[in-house]
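Engineer: Right, I'll just put the structure down here and ask away after.
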There are 2 protein chains.
Amino acid sequence: MVEAKLGRPRSEATRHAILRAAAGLVDEIGYANITTTAIATRAGAGKQTIYRWWRAKSSVIADAVVEGYLRLPSADVAVTGSLEDDLKAWLHVTVQVMNDAATGPMVRALAAAASDDAAQATALWDHLTGPLHRDLLNRLERGQHAGQLSAAVDSAAIADALLGTVLFRLLAQAPNPARLDGIVDAVLGASRPAG
Amino acid sequence: MVEAKLGRPRSEATRHAILRAAAGLVDEIGYANITTTAIATRAGAGKQTIYRWWRAKSSVIADAVVEGYLRLPSADVAVTGSLEDDLKAWLHVTVQVMNDAATGPMVRALAAAASDDAAQATALWDHLTGPLHRDLLNRLERGQHAGQLSAAVDSAAIADALLGTVLFRLLAQAPNPARLDGIVDAVLGASRPAG
DNA sequence: CGCATTACGAGACGGAGTGTCTCGATAGTC
DNA sequence: GACTATCGAGACACTCCGTCTCGTAATGCG
């Protein structure tokens with residue numbers, strides 16, 4: 001990890017251009033159709049410059065995600081009076097967003113791309129789902145402070161379950177929204193006050 | 001869908017050999033490293049025979065899943081007195097199984113393979129996770145009959161959430177088992193009797 | 001049986017893409 | 001100015017996909 005002191009230094013501008021080109025291509029033509037040549041051309045870089053710094057194409061795109069060049073479109077978790085309503089609304093909107101033409105294929109492809117490298121996969125999912133998880137957690141903890149949710153439950157675990165549900169639907173491409181409300185009902189406690 | 005009546009009929013043995021070869025190769029060298037030539041060679045078939053009946057390599061492998069040549073290793077859901085304990089035990093074992101050397105990469109690769117075709121993806125995930133979902137649902141409904149779980153909650157939704165959690169961990173390759181118990185706690189109702 | 005028809009195994013083939021290699025030029029350090 | 005590593009550009013060998021072409025095998029019809 002020691003930087004070389006001799007010779008021409010690595011161009012940070014080129015690095016940025018490559019990651020930016022990769023991210024743009026994922027958006028425009030989809031992960032599966034991207035070629036290294038296309039990334040290089042769009043970035044105004046040579047192919048060797050890519051392979052000098054990344055092991056493979058998938059690594060470039062994974063890096064683009066990890067460094068924030070590609071983000072999942074996220075829906076804000078509303079804060080109205082009802083935790084239950086807010087979570088249900090978030091679930092429906094998020095499932096809808098994930099099922100749109102661009103997002104679903106991208107996430108599925110990235111999941112496959114990261115499957116080579118466990119460390120990379122962890123970093124990638126962390127960056128993709130981290131913001132969503134954080135938003136959910138904030139709302140849940142606010143609900144706990146407001147007494148809408150028992151302080152004894154593990155709110156991070158609930159956020160896991162909700163995100164897991166969204167991802168499951170994303171992978172299975174089953175846009176049936178029928179059970180989404182049921183999940184929130186179950187997660188908030190079966191014996192909540194009747195609504 | 002009308003079968004031809006003239007000429008040599010399609011060999012069911014060859015069809016079986018091709019699907020069997022594809023399934024074996026997924027296990028042995030992983031989805032990403034499979035070539036159509038390798039499938040054909042291993043099956044003792046010609047490449048043209050594959051392309052005569054399947055559109056692409058991913059279709060062959062998806063078919064192998066749908067027809068049961070590839071299965072997710074499943075852990076039985078125990079039936080002891082405690083629904084809570086049974087679900088926690090199942091979650092831990094299942095996450096452990098999914099994290100083993102062969103299963104994780106296979107599922108991730110299949111997720112990518114199915115991303116081409118929405119209808120195929122639904123069928124594929126149905127066959128992969130269907131048995132697990134059914135087992136969970138059985139145990140949950142049994143718990144509802146035994147009064148361990150409110151009859152009002154959507155047990156299928158709970159099964160979704162538990163499976164979603166497992167898949168999320170599988171994709172993110174985060175083997176941290178800490179929150180698993182918390183998910184069961186949350187899902188079974190925050191206000192259950194203290195344990 | 002002979003003929004038409006379709007599937008079969010085998011493998012050659014063109015096209016596309018990957019990752020390596022080479023080139024002359026460039027941007028730093030000493 | 002010498003040295004060294006990176007730069008853009010693109011040629012290159014290699015692998016793989018999916019198509020095409022063989023000669024052969026299996027089935028129904030006359």
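Residue numbering restarts at 1 in every chain; chains get A, B, ... in the order shown in the structure tokens, and ligands count up from 1 in that same order.
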Which residues are near D:DT24? Cut-off 12 Å, only C-alpha atoms (C1' of nucleotides), ignore same chain within fewer than 4 positions. Put them as a ChimeraX atom specification.
Structural biologist: /B:8 /C:7-10
Engineer: Enumerate, as an NGL selection string, the complete set of residues in stretch 26-122 of chain A that a backbone-based DSSP assignment places in helix (DSSP H, G or I).
Structural biologist: :A and (26-29 or 31-33 or 36-43 or 47-53 or 57-66 or 83-98 or 103-116 or 118-122)
Engineer: Include C-alpha atoms and write out the residues we just selected as a compact mmCIF listing (two decimals), in the first residue's frame.
Structural biologist:
```
# COMPACT_ATOMS: atom_id res chain seq x y z
CA VAL A 26 -24.72 1.21 -16.01
CA ASP A 27 -27.53 3.74 -16.12
CA GLU A 28 -27.70 4.02 -19.87
CA ILE A 29 -27.11 0.58 -21.35
CA TYR A 31 -24.56 -3.65 -16.57
CA ALA A 32 -24.69 -6.66 -18.86
CA ASN A 33 -23.97 -4.63 -21.99
CA THR A 36 -14.23 -2.34 -20.91
CA THR A 37 -13.53 -0.71 -24.24
CA ALA A 38 -16.69 1.37 -23.86
CA ILE A 39 -15.65 2.51 -20.39
CA ALA A 40 -12.19 3.45 -21.63
CA THR A 41 -13.48 5.32 -24.66
CA ARG A 42 -16.11 7.24 -22.70
CA ALA A 43 -13.58 8.15 -20.04
CA LYS A 47 -7.75 0.14 -21.49
CA GLN A 48 -4.43 -0.51 -19.85
CA THR A 49 -5.09 2.34 -17.46
CA ILE A 50 -8.19 0.48 -16.30
CA TYR A 51 -6.45 -2.85 -15.91
CA ARG A 52 -3.54 -1.24 -14.15
CA TRP A 53 -5.79 -0.28 -11.25
CA LYS A 57 -14.67 -4.89 -15.14
CA SER A 58 -16.85 -5.89 -12.21
CA SER A 59 -14.34 -4.35 -9.82
CA VAL A 60 -14.60 -1.01 -11.57
CA ILE A 61 -18.35 -0.95 -11.24
CA ALA A 62 -18.27 -2.17 -7.67
CA ASP A 63 -15.85 0.65 -6.89
CA ALA A 64 -18.17 3.11 -8.56
CA VAL A 65 -20.92 2.01 -6.20
CA VAL A 66 -18.76 2.02 -3.11
CA LEU A 83 -45.29 4.60 12.69
CA GLU A 84 -47.35 1.87 11.11
CA ASP A 85 -48.59 4.07 8.27
CA ASP A 86 -45.14 5.50 7.66
CA LEU A 87 -43.54 2.07 7.36
CA LYS A 88 -46.28 0.76 5.10
CA ALA A 89 -46.00 3.78 2.85
CA TRP A 90 -42.22 3.39 2.70
CA LEU A 91 -42.47 -0.29 1.85
CA HIS A 92 -44.91 0.27 -0.98
CA VAL A 93 -42.98 3.13 -2.51
CA THR A 94 -39.66 1.32 -2.19
CA VAL A 95 -40.92 -1.88 -3.77
CA GLN A 96 -42.35 0.20 -6.58
CA VAL A 97 -39.07 2.04 -7.09
CA MET A 98 -37.10 -1.20 -7.08
CA THR A 103 -33.20 -0.08 -10.80
CA GLY A 104 -34.13 -3.74 -10.60
CA PRO A 105 -31.76 -5.04 -13.28
CA MET A 106 -28.99 -2.87 -11.92
CA VAL A 107 -29.25 -4.23 -8.41
CA ARG A 108 -29.51 -7.82 -9.61
CA ALA A 109 -26.50 -7.42 -11.84
CA LEU A 110 -24.47 -5.83 -9.09
CA ALA A 111 -25.36 -8.66 -6.77
CA ALA A 112 -23.92 -11.07 -9.29
CA ALA A 113 -20.88 -8.95 -10.00
CA ALA A 114 -19.96 -8.84 -6.35
CA SER A 115 -20.38 -12.54 -5.84
CA ASP A 116 -16.74 -13.17 -6.72
CA ALA A 118 -16.85 -11.50 -0.35
CA ALA A 119 -15.22 -8.35 1.00
CA GLN A 120 -16.31 -6.39 -2.02
CA ALA A 121 -19.85 -7.73 -1.75
CA THR A 122 -20.11 -6.62 1.84
```
Engineer: Quick one, how far is atom CA of A:Ala156 from atom CA of A:Leu124?
Structural biologist: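 Atom CA of A:Leu124 lies at a distance of 19.1 Å from atom CA of A:Ala156.
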Engineer: Using only C-alpha atoms (C1' of nucleotides), which of the listed residues (C:DA27, C:DC13, C:DC21, C:DC3) sits closest to D:DC7?
Structural biologist: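 Nearest to D:DC7: C:DA27.
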Engineer: Can you pull out every residue within 10 Å of B:Gln148, counting only C-alpha atoms (C1' of nucleotides), but drop anything in the same chain fewer than 6 positions away, and send it as a ChimeraX atom specification?
Structural biologist: /B:81-84,140-142,188,192
Engineer: For the interface of chain C with chain A (cut-off 10 Å, counting only C-alpha atoms (C1' of nucleotides)), please tabulate each contacting residue of chain C alongside its nearest pair of atoms and their separation in Å to one decimal, rows sorted by chain and increasing number, as a tab-separated table.
Structural biologist:
```
residue	atom	partner	partner_atom	distance
C:DG17	C1'	A:Thr35	CA	7.1
C:DT18	C1'	A:Thr36	CA	8.1
C:DG19	C1'	A:Tyr51	CA	7.7
C:DT20	C1'	A:Gln48	CA	8.6
C:DC21	C1'	A:Gln48	CA	9.5
C:DT26	C1'	A:Arg8	CA	7.8
C:DA27	C1'	A:Arg8	CA	4.9
C:DG28	C1'	A:Arg8	CA	4.8
C:DT29	C1'	A:Leu6	CA	5.8
C:DC30	C1'	A:Leu6	CA	9.3
```
Engineer: Go ahead and compute the interatomic distance for atom C1' of D:DC14 and atom CA of A:Arg15, in Å to one decimal.
Structural biologist: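 Answer for the atom C1' of D:DC14 to atom CA of A:Arg15 separation: 27.8 Å.
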Engineer: How close does chain A get to chain B? List, as a tab-separated table, each residue of chain A within 8 Å, its nearest atom pair and the distance in Å to one decimal, counting only C-alpha atoms.
Structural biologist:
```
residue	atom	partner	partner_atom	distance
A:Pro105	CA	B:Ser115	CA	6.1
A:Arg108	CA	B:Ala112	CA	5.6
A:Ala109	CA	B:Ala112	CA	5.5
A:Ala111	CA	B:Arg108	CA	6.5
A:Ala112	CA	B:Ala112	CA	5.2
A:Ser115	CA	B:Pro105	CA	6.1
A:Asp116	CA	B:Pro105	CA	7.7
A:Ala118	CA	B:Gln173	CA	6.3
A:Ala121	CA	B:Ala172	CA	5.8
A:Thr122	CA	B:Ala172	CA	5.0
A:Leu124	CA	B:Ala172	CA	7.8
A:Trp125	CA	B:Ala172	CA	5.5
A:Asp126	CA	B:Ala172	CA	7.6
A:Leu149	CA	B:Ala190	CA	7.7
A:Ser150	CA	B:Ala190	CA	6.2
A:Ala152	CA	B:Ala190	CA	7.4
A:Val153	CA	B:Ala186	CA	6.0
A:Asp154	CA	B:Gly182	CA	5.4
A:Ala156	CA	B:Arg179	CA	7.5
A:Ala157	CA	B:Ile183	CA	5.0
A:Ile158	CA	B:Ile183	CA	6.0
A:Asp160	CA	B:Thr165	CA	6.4
A:Ala161	CA	B:Ala161	CA	5.3
A:Leu162	CA	B:Ala161	CA	6.8
A:Leu163	CA	B:Gly164	CA	7.7
A:Gly164	CA	B:Gly164	CA	4.1
A:Thr165	CA	B:Gly164	CA	4.6
A:Val166	CA	B:Gly164	CA	7.5
A:Leu167	CA	B:Gly164	CA	6.8
A:Phe168	CA	B:Gly164	CA	5.1
A:Leu171	CA	B:Ala111	CA	6.5
A:Ala172	CA	B:Thr122	CA	5.1
A:Gln173	CA	B:Thr122	CA	5.9
A:Ala174	CA	B:Thr122	CA	6.5
A:Arg179	CA	B:Ala157	CA	5.3
A:Leu180	CA	B:Ala157	CA	7.0
A:Gly182	CA	B:Asp154	CA	5.3
A:Ile183	CA	B:Ala157	CA	5.0
A:Asp185	CA	B:Val153	CA	7.0
A:Ala186	CA	B:Val187	CA	5.5
A:Val187	CA	B:Val187	CA	4.6
A:Leu188	CA	B:Gly189	CA	6.7
A:Gly189	CA	B:Gly189	CA	3.7
A:Ala190	CA	B:Gly189	CA	5.1
A:Ser191	CA	B:Gly189	CA	6.8
```
Engineer: Identify which of the residues D:DC3, D:DC20, D:DA13, D:DA25 lies closest to chain A, counting only C-alpha atoms (C1' of nucleotides) when measuring atom-to-atom distances.
Structural biologist: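 Closest candidate: D:DC3.
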Engineer: Do you have the atom CA of A:His127-atom CA of A:Val79 distance handy?
Structural biologist: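 Interatomic distance, atom CA of A:His127 to atom CA of A:Val79: 23.7 Å.
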Engineer: What are the residues of chain D that have an atom within 12 Å of an atom of chain B, counting only C-alpha atoms (C1' of nucleotides), as a PyMOL selection string?
Structural biologist: chain D and resi 15-21+24-29
Engineer: Put those residues in a file: N, CA and C atoms (P, O5', C5', C4', C3', O3' and C1' of nucleotides), as a CSV table (one decimal), in the first residue's frame.
Structural biologist:
```
chain,number,residue,atom,x,y,z
D,15,DT,P,-7.3,-20.1,-24.7
D,15,DT,O5',-8.8,-19.6,-24.4
D,15,DT,C5',-9.0,-18.6,-23.3
D,15,DT,C4',-10.4,-18.2,-23.3
D,15,DT,C3',-11.5,-19.3,-23.5
D,15,DT,O3',-12.4,-19.3,-22.5
D,15,DT,C1',-11.9,-17.5,-25.0
D,16,DC,P,-13.4,-20.5,-22.3
D,16,DC,O5',-14.8,-20.0,-22.8
D,16,DC,C5',-15.3,-18.8,-22.3
D,16,DC,C4',-16.3,-18.2,-23.3
D,16,DC,C3',-17.4,-19.3,-23.8
D,16,DC,O3',-18.6,-18.9,-23.2
D,16,DC,C1',-16.5,-17.9,-25.6
D,17,DC,P,-19.9,-19.8,-23.5
D,17,DC,O5',-20.8,-19.0,-24.5
D,17,DC,C5',-20.8,-17.6,-24.3
D,17,DC,C4',-21.5,-17.0,-25.6
D,17,DC,C3',-22.7,-17.7,-26.0
D,17,DC,O3',-23.8,-16.8,-26.3
D,17,DC,C1',-21.1,-17.6,-27.8
D,18,DG,P,-25.3,-17.3,-26.2
D,18,DG,O5',-25.6,-17.6,-27.7
D,18,DG,C5',-25.6,-16.5,-28.6
D,18,DG,C4',-25.5,-17.0,-30.0
D,18,DG,C3',-26.5,-18.1,-30.4
D,18,DG,O3',-27.2,-17.7,-31.6
D,18,DG,C1',-24.4,-18.8,-31.1
D,19,DT,P,-28.1,-18.6,-32.5
D,19,DT,O5',-27.2,-18.9,-33.8
D,19,DT,C5',-26.6,-17.8,-34.4
D,19,DT,C4',-25.9,-18.2,-35.7
D,19,DT,C3',-26.8,-19.1,-36.6
D,19,DT,O3',-26.6,-18.7,-38.0
D,19,DT,C1',-24.8,-20.3,-36.1
D,20,DC,P,-27.6,-19.3,-39.1
D,20,DC,O5',-26.6,-20.3,-39.9
D,20,DC,C5',-25.2,-19.9,-40.1
D,20,DC,C4',-24.4,-21.1,-40.6
D,20,DC,C3',-25.2,-22.1,-41.4
D,20,DC,O3',-24.6,-22.3,-42.7
D,20,DC,C1',-23.9,-23.2,-39.7
D,21,DT,P,-25.2,-23.2,-43.8
D,21,DT,O5',-24.3,-24.5,-43.9
D,21,DT,C5',-22.9,-24.3,-43.5
D,21,DT,C4',-22.2,-25.6,-43.4
D,21,DT,C3',-22.9,-26.8,-44.2
D,21,DT,O3',-21.8,-27.5,-44.8
D,21,DT,C1',-22.7,-27.4,-42.0
D,24,DT,P,-22.2,-41.0,-43.0
D,24,DT,O5',-23.1,-41.0,-41.7
D,24,DT,C5',-22.5,-40.9,-40.4
D,24,DT,C4',-23.6,-41.0,-39.3
D,24,DT,C3',-24.5,-42.2,-39.5
D,24,DT,O3',-24.6,-42.8,-38.2
D,24,DT,C1',-25.8,-40.2,-39.2
D,25,DA,P,-25.4,-44.2,-38.0
D,25,DA,O5',-26.7,-43.8,-37.2
D,25,DA,C5',-26.6,-43.1,-36.0
D,25,DA,C4',-28.0,-42.8,-35.4
D,25,DA,C3',-29.0,-43.9,-35.5
D,25,DA,O3',-29.8,-43.9,-34.3
D,25,DA,C1',-29.8,-42.1,-36.7
D,26,DA,P,-30.6,-45.1,-33.8
D,26,DA,O5',-32.1,-44.6,-33.9
D,26,DA,C5',-32.6,-43.5,-33.0
D,26,DA,C4',-33.8,-42.9,-33.5
D,26,DA,C3',-35.0,-43.9,-33.7
D,26,DA,O3',-36.1,-43.4,-33.1
D,26,DA,C1',-34.7,-42.6,-35.7
D,27,DT,P,-37.2,-44.3,-32.4
D,27,DT,O5',-38.6,-44.0,-33.2
D,27,DT,C5',-39.2,-42.7,-33.2
D,27,DT,C4',-39.7,-42.4,-34.6
D,27,DT,C3',-40.8,-43.3,-35.1
D,27,DT,O3',-42.1,-42.8,-34.7
D,27,DT,C1',-39.4,-42.3,-36.8
D,28,DG,P,-43.5,-43.5,-35.1
D,28,DG,O5',-43.8,-42.9,-36.5
D,28,DG,C5',-44.2,-41.5,-36.5
D,28,DG,C4',-44.7,-41.1,-37.9
D,28,DG,C3',-45.8,-42.0,-38.4
D,28,DG,O3',-46.7,-41.1,-39.2
D,28,DG,C1',-44.0,-42.2,-39.9
D,29,DC,P,-48.1,-41.7,-39.8
D,29,DC,O5',-47.6,-41.9,-41.3
D,29,DC,C5',-47.1,-40.7,-42.1
D,29,DC,C4',-46.9,-41.1,-43.5
D,29,DC,C3',-48.0,-41.9,-44.2
D,29,DC,O3',-48.2,-41.4,-45.5
D,29,DC,C1',-45.9,-43.0,-44.4
```
